Amino acid sequence: MAKWALITGASSGIGWATAEALAEYGFSLFITGRRFERLQNLENHLRTKFPRIETKIATFDISDKDEVKQFLKAHYADLAHVEVLVNNAGLARGIEKMQDANVDDWDVMIDTNIKGLLHVSRGVLEHMSKKKSGHVVNIGSVAGRWTYPGGGVYCATKFAVRALSEGMRMDLLGTNVRVTNIEPGMVNTEFSLVRLGDQSKADKVYEGMTPLEAKDIAETVAWCVSRPAHVNIQELVIYPTDQAHVGIVNRRT
Ligand code: NDP
Ligand code: 8X3
């Protein structure tokens, strides 16, 4: 019987790389996001490189409660087979001070990074807790530990991911379901483009330093889920060597 992993936000960055890393470990993959064509490209790539695994695609907006509900209902039977849930879909919008920010950006971040993660988890955990096995990997951030100017709301969503990871662990105690919170520093993905809305501004974020790659985080996810069943890696902070702390970066320019 195939072992399944469900990855939210697999159409790009860390999610895409995690699909590849878990395929290496023999997982069949349920890949989700909003961009269908991207997910199709990933599916084709996985089928070519890992012909033995199975794949499924679902497109929905995780920030829309009704769309998540529909997804959970339509795939109720499939979700019973999910052994690993990677709650990866997420984003930051803007770097303005709170007094100047666009409040719609706050809604998008909160609805995606907190509520989206919660709604998907609720549907999958129902099955995992019943079958008494499973592993939830939440992609938090160093922004979930340390706040920085212009990042207050994004940081708050990632602080929430840390709190939710702890809460899940407590509620699931005795079910064998493991919960891991991985907290990366700077990773070069589409994250900064989405946040700043401009490729040249996004490129500047990583100028003169060597950021993490999506693959670095993906390999860590794969390592966590492949530990023996009695071992739960609860939290991991991963910075690039060129970053000592949020905002403290070694640049060679
Ligand atoms: P990317 O922008 O490359 O990927 C984000 C993914 O999230 C995409 O696949 C996107 O899919 C999906 N997504 C965003 N909004 C929604 C939505 N409303 N519904 C469904 N899917 C959505 O960024 P990363 O790979 O870097 O980000 C992945 C996670 O890692 C995020 O949670 C981010 O906060 C976190 N992180 C990133 C860091 C970094 O420096 N890059 C550092 C620490 C944490 P689509 O657009 O197709 O819907
Ligand atoms: C992304 C890392 O430092 O840009 O979560 O907030 S940071």
# chains A, B, ... in the order shown; residues from 1 in each chain; ligands from 1
>>> residues_near_ligand(ligand="ligand 2", cutoff="8 Å", atoms="only C-alpha atoms and all ligand atoms", output="mmCIF file with N, CA, C and O atoms, in the first residue's frame")
data_model
loop_
_atom_site.group_PDB
_atom_site.id
_atom_site.type_symbol
_atom_site.label_atom_id
_atom_site.label_comp_id
_atom_site.auth_asym_id
_atom_site.auth_seq_id
_atom_site.Cartn_x
_atom_site.Cartn_y
_atom_site.Cartn_z
ATOM 1 N N ALA A 92 4.020 36.259 2.759
ATOM 2 C CA ALA A 92 4.038 37.572 3.402
ATOM 3 C C ALA A 92 3.604 38.581 2.348
ATOM 4 O O ALA A 92 3.824 38.380 1.156
ATOM 5 N N GLY A 140 6.959 26.890 9.706
ATOM 6 C CA GLY A 140 6.901 28.173 10.417
ATOM 7 C C GLY A 140 7.964 29.089 9.835
ATOM 8 O O GLY A 140 8.158 29.141 8.620
ATOM 9 N N SER A 141 8.684 29.772 10.694
ATOM 10 C CA SER A 141 9.726 30.695 10.224
ATOM 11 C C SER A 141 10.488 31.218 11.430
ATOM 12 O O SER A 141 9.957 31.233 12.548
ATOM 13 N N VAL A 142 11.685 31.723 11.176
ATOM 14 C CA VAL A 142 12.360 32.477 12.237
ATOM 15 C C VAL A 142 11.507 33.691 12.615
ATOM 16 O O VAL A 142 11.601 34.198 13.740
ATOM 17 N N ALA A 143 10.638 34.104 11.680
ATOM 18 C CA ALA A 143 9.703 35.199 11.971
ATOM 19 C C ALA A 143 8.666 34.781 13.017
ATOM 20 O O ALA A 143 7.905 35.616 13.505
ATOM 21 N N GLY A 144 8.622 33.518 13.327
ATOM 22 C CA GLY A 144 7.741 33.016 14.387
ATOM 23 C C GLY A 144 8.418 33.021 15.749
ATOM 24 O O GLY A 144 7.851 32.561 16.746
ATOM 25 N N TYR A 148 10.476 41.723 13.413
ATOM 26 C CA TYR A 148 11.326 42.766 12.804
ATOM 27 C C TYR A 148 10.439 43.879 12.245
ATOM 28 O O TYR A 148 9.252 43.650 11.980
ATOM 29 N N GLY A 151 7.402 43.800 9.710
ATOM 30 C CA GLY A 151 7.033 42.377 9.574
ATOM 31 C C GLY A 151 6.059 41.925 10.646
ATOM 32 O O GLY A 151 5.775 40.727 10.760
ATOM 33 N N TYR A 154 3.085 39.534 9.568
ATOM 34 C CA TYR A 154 3.613 38.246 9.084
ATOM 35 C C TYR A 154 4.220 37.466 10.256
ATOM 36 O O TYR A 154 3.965 36.257 10.405
ATOM 37 N N CYS A 155 5.010 38.155 11.091
ATOM 38 C CA CYS A 155 5.622 37.486 12.249
ATOM 39 C C CYS A 155 4.536 36.919 13.164
ATOM 40 O O CYS A 155 4.651 35.792 13.659
ATOM 41 N N LYS A 158 3.355 33.672 12.035
ATOM 42 C CA LYS A 158 4.312 32.573 12.236
ATOM 43 C C LYS A 158 4.486 32.264 13.730
ATOM 44 O O LYS A 158 4.777 31.125 14.098
ATOM 45 N N GLU A 183 11.510 26.059 11.164
ATOM 46 C CA GLU A 183 11.527 27.530 11.148
ATOM 47 C C GLU A 183 12.750 28.057 10.383
ATOM 48 O O GLU A 183 13.826 28.276 10.961
ATOM 49 N N PRO A 184 12.582 28.242 9.062
ATOM 50 C CA PRO A 184 13.727 28.687 8.259
ATOM 51 C C PRO A 184 13.957 30.192 8.336
ATOM 52 O O PRO A 184 13.021 30.968 8.536
ATOM 53 N N GLY A 185 15.211 30.569 8.121
ATOM 54 C CA GLY A 185 15.556 31.970 7.852
ATOM 55 C C GLY A 185 15.388 32.218 6.360
ATOM 56 O O GLY A 185 14.482 31.666 5.735
ATOM 57 N N MET A 186 16.289 32.998 5.760
ATOM 58 C CA MET A 186 16.110 33.424 4.364
ATOM 59 C C MET A 186 16.281 32.261 3.368
ATOM 60 O O MET A 186 17.352 31.656 3.309
ATOM 61 N N VAL A 187 15.232 31.997 2.615
ATOM 62 C CA VAL A 187 15.265 30.948 1.581
ATOM 63 C C VAL A 187 14.923 31.616 0.254
ATOM 64 O O VAL A 187 13.899 32.317 0.157
ATOM 65 N N PHE A 191 9.057 33.761 -2.497
ATOM 66 C CA PHE A 191 8.552 34.438 -1.295
ATOM 67 C C PHE A 191 8.719 35.963 -1.367
ATOM 68 O O PHE A 191 7.767 36.716 -1.131
ATOM 69 N N SER A 192 9.928 36.426 -1.696
ATOM 70 C CA SER A 192 10.187 37.881 -1.685
ATOM 71 C C SER A 192 9.508 38.576 -2.867
ATOM 72 O O SER A 192 9.087 39.732 -2.749
ATOM 73 N N VAL A 246 17.552 37.408 12.413
ATOM 74 C CA VAL A 246 16.684 38.181 11.517
ATOM 75 C C VAL A 246 17.296 39.571 11.344
ATOM 76 O O VAL A 246 17.580 40.258 12.333
ATOM 77 N N GLY A 247 17.578 39.936 10.095
ATOM 78 C CA GLY A 247 18.121 41.276 9.825
ATOM 79 C C GLY A 247 19.631 41.405 9.999
ATOM 80 O O GLY A 247 20.191 42.468 9.731
#
>>> residues_near_ligand(ligand="ligand 1", cutoff="8 Å", atoms="only C-alpha atoms and all ligand atoms", output="number ranges by chain")
A: 8-16, 32-36, 38-39, 59-64, 87-92, 108, 111-113, 116, 139-143, 158, 183-194, 212, 214
>>> atom_distance(atom1="CA of Phe30 in chain A", atom2="CA of Trp106 in chain A")
28.7 Å
>>> atom_distance(atom1="CA of Glu126 in chain A", atom2="CA of Leu79 in chain A")
9.4 Å
>>> closest_residue(among="A:Val153, A:Ile182, A:Val120, A:Leu46", to="Tyr76 in chain A", atoms="only C-alpha atoms")
A:Val120
>>> residues_around(residues="Leu6 in chain A", least_positions_apart="2", cutoff="7 Å", atoms="only C-alpha atoms", output="ChimeraX atom specification")
/A:4,8,29-31,82,84-86
>>> write_last_selection(atoms="all heavy atoms", output="PDB file, in the first residue's frame")
ATOM      1  N   TRP A   4       1.189   8.006   1.652  1.00  0.00           N
ATOM      2  CA  TRP A   4       0.866   9.286   1.020  1.00  0.00           C
ATOM      3  C   TRP A   4       1.304  10.470   1.864  1.00  0.00           C
ATOM      4  O   TRP A   4       1.176  10.447   3.089  1.00  0.00           O
ATOM      5  CB  TRP A   4      -0.645   9.398   0.796  1.00  0.00           C
ATOM      6  CG  TRP A   4      -1.110   8.607  -0.383  1.00  0.00           C
ATOM      7  CD1 TRP A   4      -1.477   7.292  -0.395  1.00  0.00           C
ATOM      8  CD2 TRP A   4      -1.238   9.083  -1.729  1.00  0.00           C
ATOM      9  NE1 TRP A   4      -1.825   6.911  -1.664  1.00  0.00           N
ATOM     10  CE2 TRP A   4      -1.697   7.991  -2.504  1.00  0.00           C
ATOM     11  CE3 TRP A   4      -1.015  10.314  -2.361  1.00  0.00           C
ATOM     12  CZ2 TRP A   4      -1.929   8.103  -3.875  1.00  0.00           C
ATOM     13  CZ3 TRP A   4      -1.256  10.423  -3.731  1.00  0.00           C
ATOM     14  CH2 TRP A   4      -1.702   9.320  -4.472  1.00  0.00           C
ATOM     15  N   THR A   8       0.735  21.246   1.033  1.00  0.00           N
ATOM     16  CA  THR A   8       0.053  22.467   0.583  1.00  0.00           C
ATOM     17  C   THR A   8       1.113  23.425   0.022  1.00  0.00           C
ATOM     18  O   THR A   8       2.243  23.474   0.503  1.00  0.00           O
ATOM     19  CB  THR A   8      -0.732  23.144   1.731  1.00  0.00           C
ATOM     20  OG1 THR A   8       0.184  23.630   2.721  1.00  0.00           O
ATOM     21  CG2 THR A   8      -1.729  22.189   2.363  1.00  0.00           C
ATOM     22  N   LEU A  29       2.271  11.300  -3.633  1.00  0.00           N
ATOM     23  CA  LEU A  29       2.120  12.714  -3.274  1.00  0.00           C
ATOM     24  C   LEU A  29       0.804  13.320  -3.704  1.00  0.00           C
ATOM     25  O   LEU A  29       0.395  13.206  -4.863  1.00  0.00           O
ATOM     26  CB  LEU A  29       3.263  13.509  -3.919  1.00  0.00           C
ATOM     27  CG  LEU A  29       4.623  13.165  -3.306  1.00  0.00           C
ATOM     28  CD1 LEU A  29       5.746  13.599  -4.206  1.00  0.00           C
ATOM     29  CD2 LEU A  29       4.762  13.813  -1.934  1.00  0.00           C
ATOM     30  N   PHE A  30       0.176  13.960  -2.750  1.00  0.00           N
ATOM     31  CA  PHE A  30      -1.029  14.739  -2.995  1.00  0.00           C
ATOM     32  C   PHE A  30      -0.573  16.188  -2.964  1.00  0.00           C
ATOM     33  O   PHE A  30      -0.202  16.706  -1.909  1.00  0.00           O
ATOM     34  CB  PHE A  30      -2.020  14.458  -1.866  1.00  0.00           C
ATOM     35  CG  PHE A  30      -3.446  14.712  -2.234  1.00  0.00           C
ATOM     36  CD1 PHE A  30      -4.470  14.042  -1.570  1.00  0.00           C
ATOM     37  CD2 PHE A  30      -3.779  15.607  -3.228  1.00  0.00           C
ATOM     38  CE1 PHE A  30      -5.785  14.257  -1.899  1.00  0.00           C
ATOM     39  CE2 PHE A  30      -5.094  15.836  -3.574  1.00  0.00           C
ATOM     40  CZ  PHE A  30      -6.106  15.159  -2.899  1.00  0.00           C
ATOM     41  N   ILE A  31      -0.518  16.821  -4.139  1.00  0.00           N
ATOM     42  CA  ILE A  31       0.067  18.163  -4.223  1.00  0.00           C
ATOM     43  C   ILE A  31      -1.035  19.200  -4.458  1.00  0.00           C
ATOM     44  O   ILE A  31      -1.926  19.002  -5.282  1.00  0.00           O
ATOM     45  CB  ILE A  31       1.153  18.237  -5.323  1.00  0.00           C
ATOM     46  CG1 ILE A  31       0.655  17.637  -6.644  1.00  0.00           C
ATOM     47  CG2 ILE A  31       2.430  17.551  -4.856  1.00  0.00           C
ATOM     48  CD1 ILE A  31       1.650  17.749  -7.800  1.00  0.00           C
ATOM     49  N   VAL A  82      -3.484   9.619   4.142  1.00  0.00           N
ATOM     50  CA  VAL A  82      -2.355  10.563   4.274  1.00  0.00           C
ATOM     51  C   VAL A  82      -1.587  10.287   5.565  1.00  0.00           C
ATOM     52  O   VAL A  82      -2.143  10.324   6.654  1.00  0.00           O
ATOM     53  CB  VAL A  82      -2.866  12.028   4.237  1.00  0.00           C
ATOM     54  CG1 VAL A  82      -1.754  13.001   4.626  1.00  0.00           C
ATOM     55  CG2 VAL A  82      -3.404  12.366   2.856  1.00  0.00           C
ATOM     56  N   VAL A  84       1.638  11.805   5.990  1.00  0.00           N
ATOM     57  CA  VAL A  84       2.403  13.032   6.283  1.00  0.00           C
ATOM     58  C   VAL A  84       1.658  14.226   5.691  1.00  0.00           C
ATOM     59  O   VAL A  84       1.289  14.213   4.514  1.00  0.00           O
ATOM     60  CB  VAL A  84       3.824  12.956   5.668  1.00  0.00           C
ATOM     61  CG1 VAL A  84       4.527  14.302   5.728  1.00  0.00           C
ATOM     62  CG2 VAL A  84       4.662  11.892   6.373  1.00  0.00           C
ATOM     63  N   LEU A  85       1.422  15.231   6.534  1.00  0.00           N
ATOM     64  CA  LEU A  85       0.842  16.496   6.052  1.00  0.00           C
ATOM     65  C   LEU A  85       1.902  17.577   6.201  1.00  0.00           C
ATOM     66  O   LEU A  85       2.393  17.816   7.314  1.00  0.00           O
ATOM     67  CB  LEU A  85      -0.392  16.868   6.896  1.00  0.00           C
ATOM     68  CG  LEU A  85      -0.892  18.315   6.750  1.00  0.00           C
ATOM     69  CD1 LEU A  85      -1.365  18.610   5.324  1.00  0.00           C
ATOM     70  CD2 LEU A  85      -2.029  18.605   7.746  1.00  0.00           C
ATOM     71  N   VAL A  86       2.263  18.209   5.091  1.00  0.00           N
ATOM     72  CA  VAL A  86       3.207  19.326   5.167  1.00  0.00           C
ATOM     73  C   VAL A  86       2.418  20.623   4.949  1.00  0.00           C
ATOM     74  O   VAL A  86       1.962  20.920   3.843  1.00  0.00           O
ATOM     75  CB  VAL A  86       4.349  19.199   4.127  1.00  0.00           C
ATOM     76  CG1 VAL A  86       5.358  20.326   4.322  1.00  0.00           C
ATOM     77  CG2 VAL A  86       5.038  17.843   4.236  1.00  0.00           C
TER      78      VAL A  86
END
>>> atom_distance(atom1="CA of Arg251 in chain A", atom2="CA of Ile95 in chain A")
20.6 Å
>>> residues_around(residues="Ala2 in chain A", least_positions_apart="4", cutoff="8 Å", atoms="only C-alpha atoms", output="PyMOL selection string")
chain A and resi 27-28+53-54
>>> write_last_selection(atoms="N, CA, C and O atoms", output="PDB file, in the first residue's frame")
ATOM      1  N   PHE A  27       7.378   8.309  -1.015  1.00  0.00           N
ATOM      2  CA  PHE A  27       6.012   8.757  -0.753  1.00  0.00           C
ATOM      3  C   PHE A  27       5.260   9.004  -2.058  1.00  0.00           C
ATOM      4  O   PHE A  27       5.814   9.597  -2.995  1.00  0.00           O
ATOM      5  N   SER A  28       3.994   8.587  -2.085  1.00  0.00           N
ATOM      6  CA  SER A  28       3.088   9.075  -3.120  1.00  0.00           C
ATOM      7  C   SER A  28       2.608  10.442  -2.670  1.00  0.00           C
ATOM      8  O   SER A  28       2.562  10.721  -1.467  1.00  0.00           O
ATOM      9  N   ILE A  53       5.890   6.033  -7.831  1.00  0.00           N
ATOM     10  CA  ILE A  53       4.970   6.698  -6.901  1.00  0.00           C
ATOM     11  C   ILE A  53       3.683   7.125  -7.618  1.00  0.00           C
ATOM     12  O   ILE A  53       3.647   7.251  -8.840  1.00  0.00           O
ATOM     13  N   GLU A  54       2.619   7.336  -6.833  1.00  0.00           N
ATOM     14  CA  GLU A  54       1.367   7.867  -7.385  1.00  0.00           C
ATOM     15  C   GLU A  54       1.279   9.353  -7.045  1.00  0.00           C
ATOM     16  O   GLU A  54       1.884   9.810  -6.066  1.00  0.00           O
TER      17      GLU A  54
END
>>> closest_residue(among="A:Ala218, A:Ile233, A:Leu42, A:Val179", to="Ser133 in chain A", atoms="only C-alpha atoms")
A:Val179
>>> closest_residue(among="A:Leu125, A:Val221, A:Leu172, A:Ala19", to="Asn138 in chain A", atoms="only C-alpha atoms")
A:Val221
>>> select_by_dssp(residues="range 13-252 of chain A", states="strand (DSSP E or B)", output="VMD selection string")
chain A and resid 28 to 33 55 to 59 82 to 87 135 to 139 178 to 184 187 212 235 to 238 243 to 245 248 to 249
>>> select_by_dssp(residues="range 9-214 of chain A", states="helix (DSSP H, G or I)", output="PyMOL selection string")
chain A and resi 13-24+36-49+65-74+76-79+103-131+142-144+152-171+191-196+199-205+214
>>> closest_residue(among="A:Arg47, A:His75, A:Arg178, A:Lys3", to="Val136 in chain A", atoms="only C-alpha atoms")
A:Arg178
>>> decode(residues="range 82-95 of chain A", atoms="all heavy atoms", output="compact mmCIF listing (two decimals), in the first residue's frame")
# COMPACT_ATOMS: atom_id res chain seq x y z
N VAL A 82 -3.48 9.62 4.14
CA VAL A 82 -2.36 10.56 4.27
C VAL A 82 -1.59 10.29 5.56
O VAL A 82 -2.14 10.32 6.65
CB VAL A 82 -2.87 12.03 4.24
CG1 VAL A 82 -1.75 13.00 4.63
CG2 VAL A 82 -3.40 12.37 2.86
N GLU A 83 -0.31 10.01 5.40
CA GLU A 83 0.56 9.70 6.55
C GLU A 83 1.35 10.94 6.97
O GLU A 83 1.69 11.10 8.14
CB GLU A 83 1.50 8.56 6.13
CG GLU A 83 2.13 7.76 7.23
CD GLU A 83 1.15 7.25 8.30
OE1 GLU A 83 0.03 6.80 7.93
OE2 GLU A 83 1.50 7.33 9.48
N VAL A 84 1.64 11.81 5.99
CA VAL A 84 2.40 13.03 6.28
C VAL A 84 1.66 14.23 5.69
O VAL A 84 1.29 14.21 4.51
CB VAL A 84 3.82 12.96 5.67
CG1 VAL A 84 4.53 14.30 5.73
CG2 VAL A 84 4.66 11.89 6.37
N LEU A 85 1.42 15.23 6.53
CA LEU A 85 0.84 16.50 6.05
C LEU A 85 1.90 17.58 6.20
O LEU A 85 2.39 17.82 7.31
CB LEU A 85 -0.39 16.87 6.90
CG LEU A 85 -0.89 18.32 6.75
CD1 LEU A 85 -1.37 18.61 5.32
CD2 LEU A 85 -2.03 18.61 7.75
N VAL A 86 2.26 18.21 5.09
CA VAL A 86 3.21 19.33 5.17
C VAL A 86 2.42 20.62 4.95
O VAL A 86 1.96 20.92 3.84
CB VAL A 86 4.35 19.20 4.13
CG1 VAL A 86 5.36 20.33 4.32
CG2 VAL A 86 5.04 17.84 4.24
N ASN A 87 2.21 21.35 6.04
CA ASN A 87 1.50 22.64 6.00
C ASN A 87 2.50 23.71 5.60
O ASN A 87 3.15 24.32 6.44
CB ASN A 87 0.92 22.96 7.38
CG ASN A 87 -0.39 22.24 7.63
OD1 ASN A 87 -1.25 22.15 6.74
ND2 ASN A 87 -0.56 21.74 8.84
N ASN A 88 2.62 23.89 4.29
CA ASN A 88 3.66 24.77 3.76
C ASN A 88 3.10 26.05 3.13
O ASN A 88 3.75 27.09 3.19
CB ASN A 88 4.48 23.97 2.73
CG ASN A 88 5.31 24.87 1.84
OD1 ASN A 88 6.34 25.39 2.25
ND2 ASN A 88 4.85 25.09 0.61
N ALA A 89 1.90 25.98 2.55
CA ALA A 89 1.36 27.15 1.83
C ALA A 89 1.36 28.36 2.75
O ALA A 89 0.90 28.28 3.89
CB ALA A 89 -0.06 26.86 1.35
N GLY A 90 1.89 29.45 2.25
CA GLY A 90 1.94 30.64 3.08
C GLY A 90 2.62 31.76 2.35
O GLY A 90 3.21 31.56 1.26
N LEU A 91 2.54 32.94 2.91
CA LEU A 91 3.11 34.10 2.25
C LEU A 91 3.21 35.29 3.19
O LEU A 91 2.59 35.31 4.26
CB LEU A 91 2.25 34.51 1.04
CG LEU A 91 0.97 35.31 1.29
CD1 LEU A 91 0.38 35.76 -0.03
CD2 LEU A 91 -0.06 34.56 2.09
N ALA A 92 4.02 36.26 2.76
CA ALA A 92 4.04 37.57 3.40
C ALA A 92 3.60 38.58 2.35
O ALA A 92 3.82 38.38 1.16
CB ALA A 92 5.43 37.90 3.91
N ARG A 93 2.95 39.63 2.79
CA ARG A 93 2.55 40.72 1.88
C ARG A 93 2.98 42.05 2.48
O ARG A 93 2.52 42.42 3.56
CB ARG A 93 1.03 40.75 1.77
CG ARG A 93 0.41 39.77 0.81
CD ARG A 93 0.28 40.39 -0.60
NE ARG A 93 -0.43 39.52 -1.49
CZ ARG A 93 -1.75 39.60 -1.70
NH1 ARG A 93 -2.48 40.49 -1.07
NH2 ARG A 93 -2.33 38.79 -2.54
N GLY A 94 3.92 42.71 1.83
CA GLY A 94 4.31 44.05 2.22
C GLY A 94 5.32 44.11 3.36
O GLY A 94 5.54 43.13 4.08
N ILE A 95 5.95 45.29 3.48
CA ILE A 95 6.90 45.54 4.57
C ILE A 95 6.64 46.93 5.19
O ILE A 95 7.51 47.52 5.84
CB ILE A 95 8.38 45.46 4.09
CG1 ILE A 95 8.56 46.26 2.80
CG2 ILE A 95 8.87 44.04 3.93
CD1 ILE A 95 10.01 46.58 2.48
